[in-house]
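Undergrad: Supplied in structure tokens, the structure appears directly below.
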Amino acid sequence: MERWPWPSGGAWLLVAARALLQLLRADLRLGRPLLAALALLAALDWLCQRLLPPPAALAVLAAAGWIALSRLARPPRLPVATRAVLITGCDSGFGKETAKKLDAMGFTVLATVLELDGPGALELRACCSPRLRLLQLDLTKPADISRALEFTKAHTTSTGLWGLVNNAGHNNVVADVELSPVATFRSCMEVNFFGALELTKGLLPLLRRSRGRIVTVGSPAGDMPYPCLAAYGTSKAAMALLMDTFSCELLPWGVKVSIIQPGCFKTESVQNVGQWEQRKQLLLASLPRELLQAYGEDYIEHLHGQFLHSLRLALPDLSPVVDAITDALLAAQPRRRYYPGRGLGLMYFIHYYLPEGLRRRFLQTFFINHCLPRALRPGQPGSTPAQDAALDPDPNPGSSPVTAQ
């Protein structure tokens with residue numbers, strides 16, 4: 001069979017020159033991802049030369065190279081200039097670190113905190129420029145939200161408001177739905193959904209005028225059923241759907257909407273073991289006697305212990321989340337979703353493509369694996385011989401790490 005002649009040295013030189021030009025135009029970071037992509041392209045080139053005719057091989061290599069470069073290249077960014085951004089929840093964690101970075105880049109930052117004299121506010125005052133403005137804001141209080149809207153309008157008359165970062169979040173219970181007071185669902189919704197909704201709606205006239213950005217910090221717990229995080233996860237799921245709706249409705253106005261879905265990071269709230277212990281004690285004290293007897297105090301202690309164990313694997317470096325928020329604010333074409341953190345790609349692959357039983361077992365293995373409630377254990381009052389025979393003989397599986405929260 002007649003084969004197409006492989007390109008001559010001059011042709012290969014021209015192809016290499018064009019590839020080099022594209023590489024120079026692309027803003028690439030030299031690191032493991034780029035080196036891995038080059039190694040894979042070299043292996044693909046070797047296979048194509050042996051398995052495909054030259055025109056098909058060139059097409060495959062060109063397509064693979066373009067995909068690799070477009071995925072690895074940092075997208076073009078807009079200049080900071082005099083852009084102003086409002087960030088909620090800057091007392092600690094992602095909000096505080098984002099405020100510090102954006103201030104250092106030259107943004108006018110309006111940072112909201114729960115306490116103007118708290119440690120986070122004092123740190124921002126000490127390390128940031130005079131451009132940064134602090135505002136007390138409790139998203140559960142309509143009066144605070146109204147004051148924040150007026151404050152933002154007053155401080156952006158000359159610059160306009162370029163971006164809103166909905167970062168403030170709240171979660172005060174880790175327990176099964178039946179064990180979680182309905183009030184905890186309401187409190188999560190008040191902060192994570194209704195408060196953010198009211199603030200976002202109030203700022204839309206400014207954001208439409210600037211054709212700006214809305215960036216919301218969500219959670220994978222809003223995408224998949226994490227054990228014991230129903231109150232938090234449902235509020236984040238509602239917020240994600242709201243942001244997707246905003247993304248469609250605000251498209252004609254030029255406003256771009258992004259959601260950050262971070263993995264588990266060592267923010268101050270995650271590391272505060274004493275706070276989680278206090279919340280566990282409040283939960284135990286609030287449970288009806290019949291419910292506590294059915295599940296058992298040791299059941300709740302087991303959940304609490306596994307949750308704290310999972311937090312030990314939280315990542316200490318918050319910069320991936322801060323970088324994602326920054327990119328969503330400044331990229332010419334920001335992504336709809338950002339997934340900073342370790343292991344999220346595998347988690348979402350399992351969630352979307354594997355059977356339900358495997359998805360459930362994965363979340364139990366890498367987050368919280370329930371032990372058996374007291375009333376269902378063999379020999380306990382209320383359990384039947386048929387139930388006893390069907391139960392797993394090991395009622396207390398080992399604890400499991402967490403990859404995201």
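Residues in the structure tokens are numbered from 1 in each chain, the chains being A, B, ... in the order shown, and ligands are numbered from 1 in the order shown.
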From a DSSP pass on the backbone, collect the residues of region 223-330 of chain A flagged as helix (DSSP H, G or I) and hand them back as a PyMOL selection string.
TA: chain A and resi 230-249+251-253+268-271+273-286+289-295+297-311+319-330
Undergrad: What are the closest atom pairs, with distances in Å to one decimal, for each residue of region 317-343 of chain A lying within 9 Å of region 92-100 of chain A, using only C-alpha atoms, rows by chain and rising residue number, as CSV?
TA:
```
residue,atom,partner,partner_atom,distance
A:Leu318,CA,A:Phe94,CA,6.8
A:Ser319,CA,A:Glu97,CA,8.1
A:Val321,CA,A:Phe94,CA,7.0
A:Val322,CA,A:Thr98,CA,5.3
A:Asp323,CA,A:Thr98,CA,8.3
A:Ile325,CA,A:Thr98,CA,7.6
A:Thr326,CA,A:Thr98,CA,7.8
```
Undergrad: Atoms to include: all heavy atoms. Write the selected residues as a PDB file, in the first residue's frame.
TA:
```pdb
ATOM      1  N   LEU A 318      -4.245  28.116  51.268  1.00  0.00           N
ATOM      2  CA  LEU A 318      -5.515  28.601  50.728  1.00  0.00           C
ATOM      3  C   LEU A 318      -5.378  29.240  49.355  1.00  0.00           C
ATOM      4  O   LEU A 318      -6.385  29.637  48.759  1.00  0.00           O
ATOM      5  CB  LEU A 318      -6.140  29.625  51.689  1.00  0.00           C
ATOM      6  CG  LEU A 318      -6.329  29.202  53.146  1.00  0.00           C
ATOM      7  CD1 LEU A 318      -7.096  30.283  53.905  1.00  0.00           C
ATOM      8  CD2 LEU A 318      -7.030  27.869  53.256  1.00  0.00           C
ATOM      9  N   SER A 319      -4.159  29.342  48.840  1.00  0.00           N
ATOM     10  CA  SER A 319      -3.934  30.097  47.594  1.00  0.00           C
ATOM     11  C   SER A 319      -4.685  29.530  46.384  1.00  0.00           C
ATOM     12  O   SER A 319      -5.089  30.318  45.518  1.00  0.00           O
ATOM     13  CB  SER A 319      -2.440  30.198  47.285  1.00  0.00           C
ATOM     14  OG  SER A 319      -1.871  28.916  47.085  1.00  0.00           O
ATOM     15  N   VAL A 321      -7.720  28.523  46.167  1.00  0.00           N
ATOM     16  CA  VAL A 321      -9.055  29.127  46.182  1.00  0.00           C
ATOM     17  C   VAL A 321      -8.966  30.621  45.890  1.00  0.00           C
ATOM     18  O   VAL A 321      -9.752  31.173  45.108  1.00  0.00           O
ATOM     19  CB  VAL A 321      -9.744  28.874  47.535  1.00  0.00           C
ATOM     20  CG1 VAL A 321     -11.139  29.499  47.557  1.00  0.00           C
ATOM     21  CG2 VAL A 321      -9.829  27.389  47.817  1.00  0.00           C
ATOM     22  N   VAL A 322      -7.992  31.287  46.507  1.00  0.00           N
ATOM     23  CA  VAL A 322      -7.807  32.722  46.263  1.00  0.00           C
ATOM     24  C   VAL A 322      -7.493  32.980  44.792  1.00  0.00           C
ATOM     25  O   VAL A 322      -8.019  33.923  44.182  1.00  0.00           O
ATOM     26  CB  VAL A 322      -6.689  33.268  47.174  1.00  0.00           C
ATOM     27  CG1 VAL A 322      -6.409  34.737  46.868  1.00  0.00           C
ATOM     28  CG2 VAL A 322      -7.061  33.101  48.641  1.00  0.00           C
ATOM     29  N   ASP A 323      -6.652  32.133  44.197  1.00  0.00           N
ATOM     30  CA  ASP A 323      -6.316  32.289  42.777  1.00  0.00           C
ATOM     31  C   ASP A 323      -7.543  32.074  41.894  1.00  0.00           C
ATOM     32  O   ASP A 323      -7.713  32.760  40.878  1.00  0.00           O
ATOM     33  CB  ASP A 323      -5.216  31.300  42.382  1.00  0.00           C
ATOM     34  CG  ASP A 323      -3.873  31.642  43.007  1.00  0.00           C
ATOM     35  OD1 ASP A 323      -3.708  32.777  43.477  1.00  0.00           O
ATOM     36  OD2 ASP A 323      -2.994  30.755  43.052  1.00  0.00           O
ATOM     37  N   ILE A 325     -10.707  32.662  42.722  1.00  0.00           N
ATOM     38  CA  ILE A 325     -11.553  33.854  42.853  1.00  0.00           C
ATOM     39  C   ILE A 325     -10.981  35.001  42.033  1.00  0.00           C
ATOM     40  O   ILE A 325     -11.720  35.712  41.323  1.00  0.00           O
ATOM     41  CB  ILE A 325     -11.676  34.251  44.333  1.00  0.00           C
ATOM     42  CG1 ILE A 325     -12.412  33.162  45.115  1.00  0.00           C
ATOM     43  CG2 ILE A 325     -12.387  35.586  44.480  1.00  0.00           C
ATOM     44  CD1 ILE A 325     -12.431  33.380  46.621  1.00  0.00           C
ATOM     45  N   THR A 326      -9.678  35.177  42.089  1.00  0.00           N
ATOM     46  CA  THR A 326      -9.026  36.245  41.321  1.00  0.00           C
ATOM     47  C   THR A 326      -9.217  36.041  39.829  1.00  0.00           C
ATOM     48  O   THR A 326      -9.512  36.994  39.088  1.00  0.00           O
ATOM     49  CB  THR A 326      -7.528  36.295  41.665  1.00  0.00           C
ATOM     50  OG1 THR A 326      -7.362  36.430  43.078  1.00  0.00           O
ATOM     51  CG2 THR A 326      -6.844  37.454  40.955  1.00  0.00           C
TER      52      THR A 326
END
```
Undergrad: Could you name the residues that touch region 234-248 of chain A at 6 Å or less, counting only C-alpha atoms, but leaving out those on the same chain fewer than 2 positions away, as a list of chain:residue names?
TA: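 The neighbour list is A:Met189, A:Asn192, A:Phe193, A:Gly218, A:Gly222, A:Ala230, A:Ala231, A:Tyr232, A:Leu250, A:Leu251, A:Val257.
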Undergrad: Taking the backbone alone, and naming residues the way the document does, which bits of region 144-354 of chain A are strand (DSSP E) by DSSP, as a PyMOL selection string?
TA: chain A and resi 163-166+213-217+256-260+337-338
Undergrad: For the selection you just gave me, I'd like the residues written to a file as a compact mmCIF listing (two decimals), in the first residue's frame, keeping all heavy atoms.
TA:
```
# COMPACT_ATOMS: atom_id res chain seq x y z
N GLY A 163 -17.01 43.88 40.99
CA GLY A 163 -17.26 42.50 41.38
C GLY A 163 -17.87 42.36 42.76
O GLY A 163 -17.66 43.19 43.65
N LEU A 164 -18.63 41.29 42.92
CA LEU A 164 -19.17 40.87 44.21
C LEU A 164 -18.69 39.45 44.46
O LEU A 164 -18.87 38.57 43.61
CB LEU A 164 -20.70 40.90 44.21
CG LEU A 164 -21.40 40.17 45.36
CD1 LEU A 164 -21.07 40.80 46.71
CD2 LEU A 164 -22.90 40.12 45.14
N VAL A 165 -18.07 39.23 45.61
CA VAL A 165 -17.62 37.88 46.00
C VAL A 165 -18.47 37.44 47.18
O VAL A 165 -18.29 37.92 48.31
CB VAL A 165 -16.12 37.87 46.36
CG1 VAL A 165 -15.70 36.45 46.78
CG2 VAL A 165 -15.28 38.35 45.19
N ASN A 166 -19.41 36.54 46.93
CA ASN A 166 -20.24 35.96 47.98
C ASN A 166 -19.44 34.85 48.67
O ASN A 166 -19.47 33.70 48.23
CB ASN A 166 -21.53 35.39 47.39
CG ASN A 166 -22.49 36.47 46.95
OD1 ASN A 166 -22.80 37.39 47.69
ND2 ASN A 166 -22.96 36.36 45.71
N ARG A 213 -18.72 41.25 37.56
CA ARG A 213 -18.61 39.83 37.89
C ARG A 213 -19.31 39.52 39.22
O ARG A 213 -19.29 40.33 40.14
CB ARG A 213 -17.14 39.41 38.01
CG ARG A 213 -16.30 39.74 36.77
CD ARG A 213 -16.70 38.85 35.61
NE ARG A 213 -16.12 39.29 34.36
CZ ARG A 213 -14.91 38.94 33.92
NH1 ARG A 213 -14.14 38.19 34.67
NH2 ARG A 213 -14.49 39.35 32.74
N ILE A 214 -19.90 38.34 39.27
CA ILE A 214 -20.42 37.78 40.53
C ILE A 214 -19.69 36.46 40.75
O ILE A 214 -19.75 35.57 39.91
CB ILE A 214 -21.93 37.55 40.47
CG1 ILE A 214 -22.68 38.85 40.20
CG2 ILE A 214 -22.43 36.92 41.78
CD1 ILE A 214 -24.17 38.66 39.97
N VAL A 215 -19.02 36.36 41.87
CA VAL A 215 -18.26 35.15 42.21
C VAL A 215 -18.80 34.63 43.54
O VAL A 215 -18.86 35.38 44.52
CB VAL A 215 -16.76 35.44 42.33
CG1 VAL A 215 -15.99 34.14 42.62
CG2 VAL A 215 -16.23 36.10 41.06
N THR A 216 -19.19 33.37 43.58
CA THR A 216 -19.78 32.78 44.78
C THR A 216 -18.99 31.55 45.19
O THR A 216 -18.70 30.69 44.37
CB THR A 216 -21.25 32.40 44.52
OG1 THR A 216 -21.99 33.58 44.19
CG2 THR A 216 -21.86 31.74 45.74
N VAL A 217 -18.64 31.50 46.46
CA VAL A 217 -17.94 30.33 47.00
C VAL A 217 -18.99 29.31 47.42
O VAL A 217 -19.77 29.56 48.35
CB VAL A 217 -17.04 30.71 48.19
CG1 VAL A 217 -16.36 29.46 48.76
CG2 VAL A 217 -15.99 31.73 47.75
N LYS A 256 -20.82 38.41 34.18
CA LYS A 256 -20.39 37.01 34.18
C LYS A 256 -20.43 36.47 35.61
O LYS A 256 -20.04 37.14 36.56
CB LYS A 256 -19.00 36.88 33.58
CG LYS A 256 -18.95 37.22 32.09
CD LYS A 256 -17.56 37.04 31.52
CE LYS A 256 -17.56 37.18 30.00
NZ LYS A 256 -18.04 38.50 29.54
N VAL A 257 -20.90 35.23 35.73
CA VAL A 257 -21.13 34.61 37.04
C VAL A 257 -20.29 33.33 37.15
O VAL A 257 -20.31 32.50 36.24
CB VAL A 257 -22.62 34.29 37.24
CG1 VAL A 257 -22.86 33.66 38.61
CG2 VAL A 257 -23.47 35.54 37.05
N SER A 258 -19.58 33.19 38.25
CA SER A 258 -18.75 32.01 38.48
C SER A 258 -19.01 31.46 39.88
O SER A 258 -19.34 32.20 40.81
CB SER A 258 -17.26 32.34 38.36
OG SER A 258 -16.94 32.79 37.06
N ILE A 259 -18.85 30.15 40.01
CA ILE A 259 -18.98 29.47 41.30
C ILE A 259 -17.67 28.75 41.60
O ILE A 259 -17.13 28.05 40.75
CB ILE A 259 -20.14 28.46 41.30
CG1 ILE A 259 -21.46 29.17 40.98
CG2 ILE A 259 -20.25 27.76 42.65
CD1 ILE A 259 -22.63 28.22 40.87
N ILE A 260 -17.17 28.95 42.81
CA ILE A 260 -15.96 28.27 43.26
C ILE A 260 -16.38 27.11 44.14
O ILE A 260 -17.09 27.30 45.13
CB ILE A 260 -15.05 29.23 44.07
CG1 ILE A 260 -14.92 30.60 43.38
CG2 ILE A 260 -13.68 28.60 44.29
CD1 ILE A 260 -14.27 30.58 42.04
N ARG A 337 -17.45 27.27 36.51
CA ARG A 337 -17.13 26.53 37.73
C ARG A 337 -15.62 26.43 37.88
O ARG A 337 -14.89 26.19 36.92
CB ARG A 337 -17.69 25.10 37.68
CG ARG A 337 -19.20 24.98 37.76
CD ARG A 337 -19.71 25.19 39.18
NE ARG A 337 -21.06 24.71 39.35
CZ ARG A 337 -22.16 25.34 38.95
NH1 ARG A 337 -22.04 26.49 38.29
NH2 ARG A 337 -23.36 24.84 39.18
N TYR A 338 -15.16 26.59 39.12
CA TYR A 338 -13.76 26.36 39.48
C TYR A 338 -13.75 25.29 40.58
O TYR A 338 -14.59 25.31 41.49
CB TYR A 338 -13.11 27.64 40.01
CG TYR A 338 -12.90 28.71 38.97
CD1 TYR A 338 -13.94 29.57 38.61
CD2 TYR A 338 -11.66 28.89 38.36
CE1 TYR A 338 -13.74 30.57 37.67
CE2 TYR A 338 -11.46 29.90 37.42
CZ TYR A 338 -12.51 30.73 37.08
OH TYR A 338 -12.32 31.72 36.14
```
Undergrad: Pick out the closest residue to Ala81 (chain A) from this set: A:Leu203, A:Leu346, A:Leu330, A:Leu135. Count only C-alpha atoms.
TA: A:Leu330
Undergrad: Between A:Cys264, A:Ala324, A:Met224, A:Ala175, which has the minimum distance to Gly343 (chain A) (counting only C-alpha atoms)?
TA: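 Selected residue with least distance to Gly343 (chain A): A:Cys264.
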Undergrad: If we count only C-alpha atoms and set the cut-off at 12 Å, which residues sit around Leu303 (chain A), ignoring sequence neighbours fewer than 5 positions away in its own chain? Please answer as a compact mmCIF listing (two decimals) with N, CA and C atoms, in the first residue's frame.
TA:
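Written output follows (around-v6.txt):
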```
# COMPACT_ATOMS: atom_id res chain seq x y z
N VAL A 173 -23.76 22.37 62.26
CA VAL A 173 -24.15 21.02 62.69
C VAL A 173 -23.57 20.00 61.72
N VAL A 174 -23.09 18.90 62.28
CA VAL A 174 -22.66 17.74 61.50
C VAL A 174 -23.38 16.54 62.08
N ALA A 175 -24.47 16.15 61.44
CA ALA A 175 -25.30 15.07 61.97
C ALA A 175 -26.28 14.62 60.91
N ASP A 176 -26.87 13.45 61.12
CA ASP A 176 -27.93 12.97 60.24
C ASP A 176 -29.07 13.99 60.20
N LEU A 179 -31.35 13.93 63.16
CA LEU A 179 -30.75 14.45 64.38
C LEU A 179 -30.54 15.96 64.32
N PRO A 227 -22.44 12.71 53.75
CA PRO A 227 -23.08 12.28 54.99
C PRO A 227 -22.98 13.38 56.06
N CYS A 228 -24.09 13.63 56.74
CA CYS A 228 -24.13 14.53 57.90
C CYS A 228 -23.97 16.01 57.56
N LEU A 229 -24.02 16.38 56.30
CA LEU A 229 -23.90 17.79 55.92
C LEU A 229 -25.14 18.28 55.17
N TRP A 276 -16.36 22.99 67.37
CA TRP A 276 -17.11 21.80 66.94
C TRP A 276 -17.52 20.96 68.14
N GLU A 277 -16.68 20.89 69.17
CA GLU A 277 -17.04 20.16 70.39
C GLU A 277 -18.23 20.81 71.07
N LYS A 280 -21.36 19.99 69.19
CA LYS A 280 -21.80 18.61 69.45
C LYS A 280 -22.54 18.53 70.77
N TYR A 295 -30.75 6.39 68.69
CA TYR A 295 -29.45 6.46 68.01
C TYR A 295 -28.29 6.16 68.95
N GLY A 296 -28.39 6.66 70.17
CA GLY A 296 -27.31 6.47 71.13
C GLY A 296 -26.31 7.61 71.11
N GLU A 297 -25.85 8.00 72.29
CA GLU A 297 -24.87 9.07 72.36
C GLU A 297 -23.56 8.66 71.69
N ASP A 298 -23.22 7.37 71.78
CA ASP A 298 -21.98 6.91 71.15
C ASP A 298 -22.04 7.02 69.63
N LEU A 308 -13.91 15.08 62.73
CA LEU A 308 -12.65 15.73 63.13
C LEU A 308 -11.45 15.04 62.48
N HIS A 309 -11.52 13.72 62.35
CA HIS A 309 -10.42 12.99 61.71
C HIS A 309 -10.28 13.43 60.25
N SER A 310 -11.41 13.61 59.57
CA SER A 310 -11.37 14.01 58.17
C SER A 310 -10.76 15.40 58.00
N GLN A 364 -18.86 7.64 51.95
CA GLN A 364 -18.75 7.11 53.30
C GLN A 364 -17.31 6.78 53.65
N PHE A 367 -15.28 10.24 53.93
CA PHE A 367 -15.76 11.32 54.78
C PHE A 367 -16.26 10.75 56.11
N ILE A 368 -17.51 10.35 56.19
CA ILE A 368 -18.05 9.81 57.43
C ILE A 368 -18.75 8.48 57.13
N ASN A 369 -18.30 7.43 57.80
CA ASN A 369 -18.90 6.11 57.66
C ASN A 369 -19.67 5.82 58.95
N HIS A 370 -20.99 5.83 58.86
CA HIS A 370 -21.82 5.70 60.04
C HIS A 370 -21.60 4.36 60.74
N CYS A 371 -21.67 4.39 62.05
CA CYS A 371 -21.84 3.13 62.78
C CYS A 371 -23.33 2.85 62.89
N LEU A 372 -23.68 1.74 63.49
CA LEU A 372 -25.08 1.35 63.55
C LEU A 372 -25.76 2.07 64.72
N PRO A 373 -26.96 2.65 64.51
CA PRO A 373 -27.69 3.23 65.65
C PRO A 373 -27.95 2.19 66.73
N ASN A 396 -19.25 -1.12 63.73
CA ASN A 396 -18.49 0.10 63.90
C ASN A 396 -17.32 0.13 62.93
N PRO A 397 -17.55 0.51 61.64
CA PRO A 397 -16.46 0.53 60.68
C PRO A 397 -15.40 1.54 61.09
N GLY A 398 -14.23 1.37 60.52
CA GLY A 398 -13.13 2.27 60.84
C GLY A 398 -13.38 3.67 60.32
N SER A 399 -12.69 4.61 60.91
CA SER A 399 -12.85 6.00 60.49
C SER A 399 -12.20 6.22 59.15
N SER A 400 -12.63 7.29 58.48
CA SER A 400 -12.21 7.51 57.11
C SER A 400 -11.82 8.95 56.90
```
Undergrad: Can you list, as a PyMOL selection string, every protein, DNA or RNA residue that comes within 8 Å of Leu315 (chain A) when you count only C-alpha atoms, leaving out same-chain residues fewer than 6 positions away?
TA: chain A and resi 264-266+341
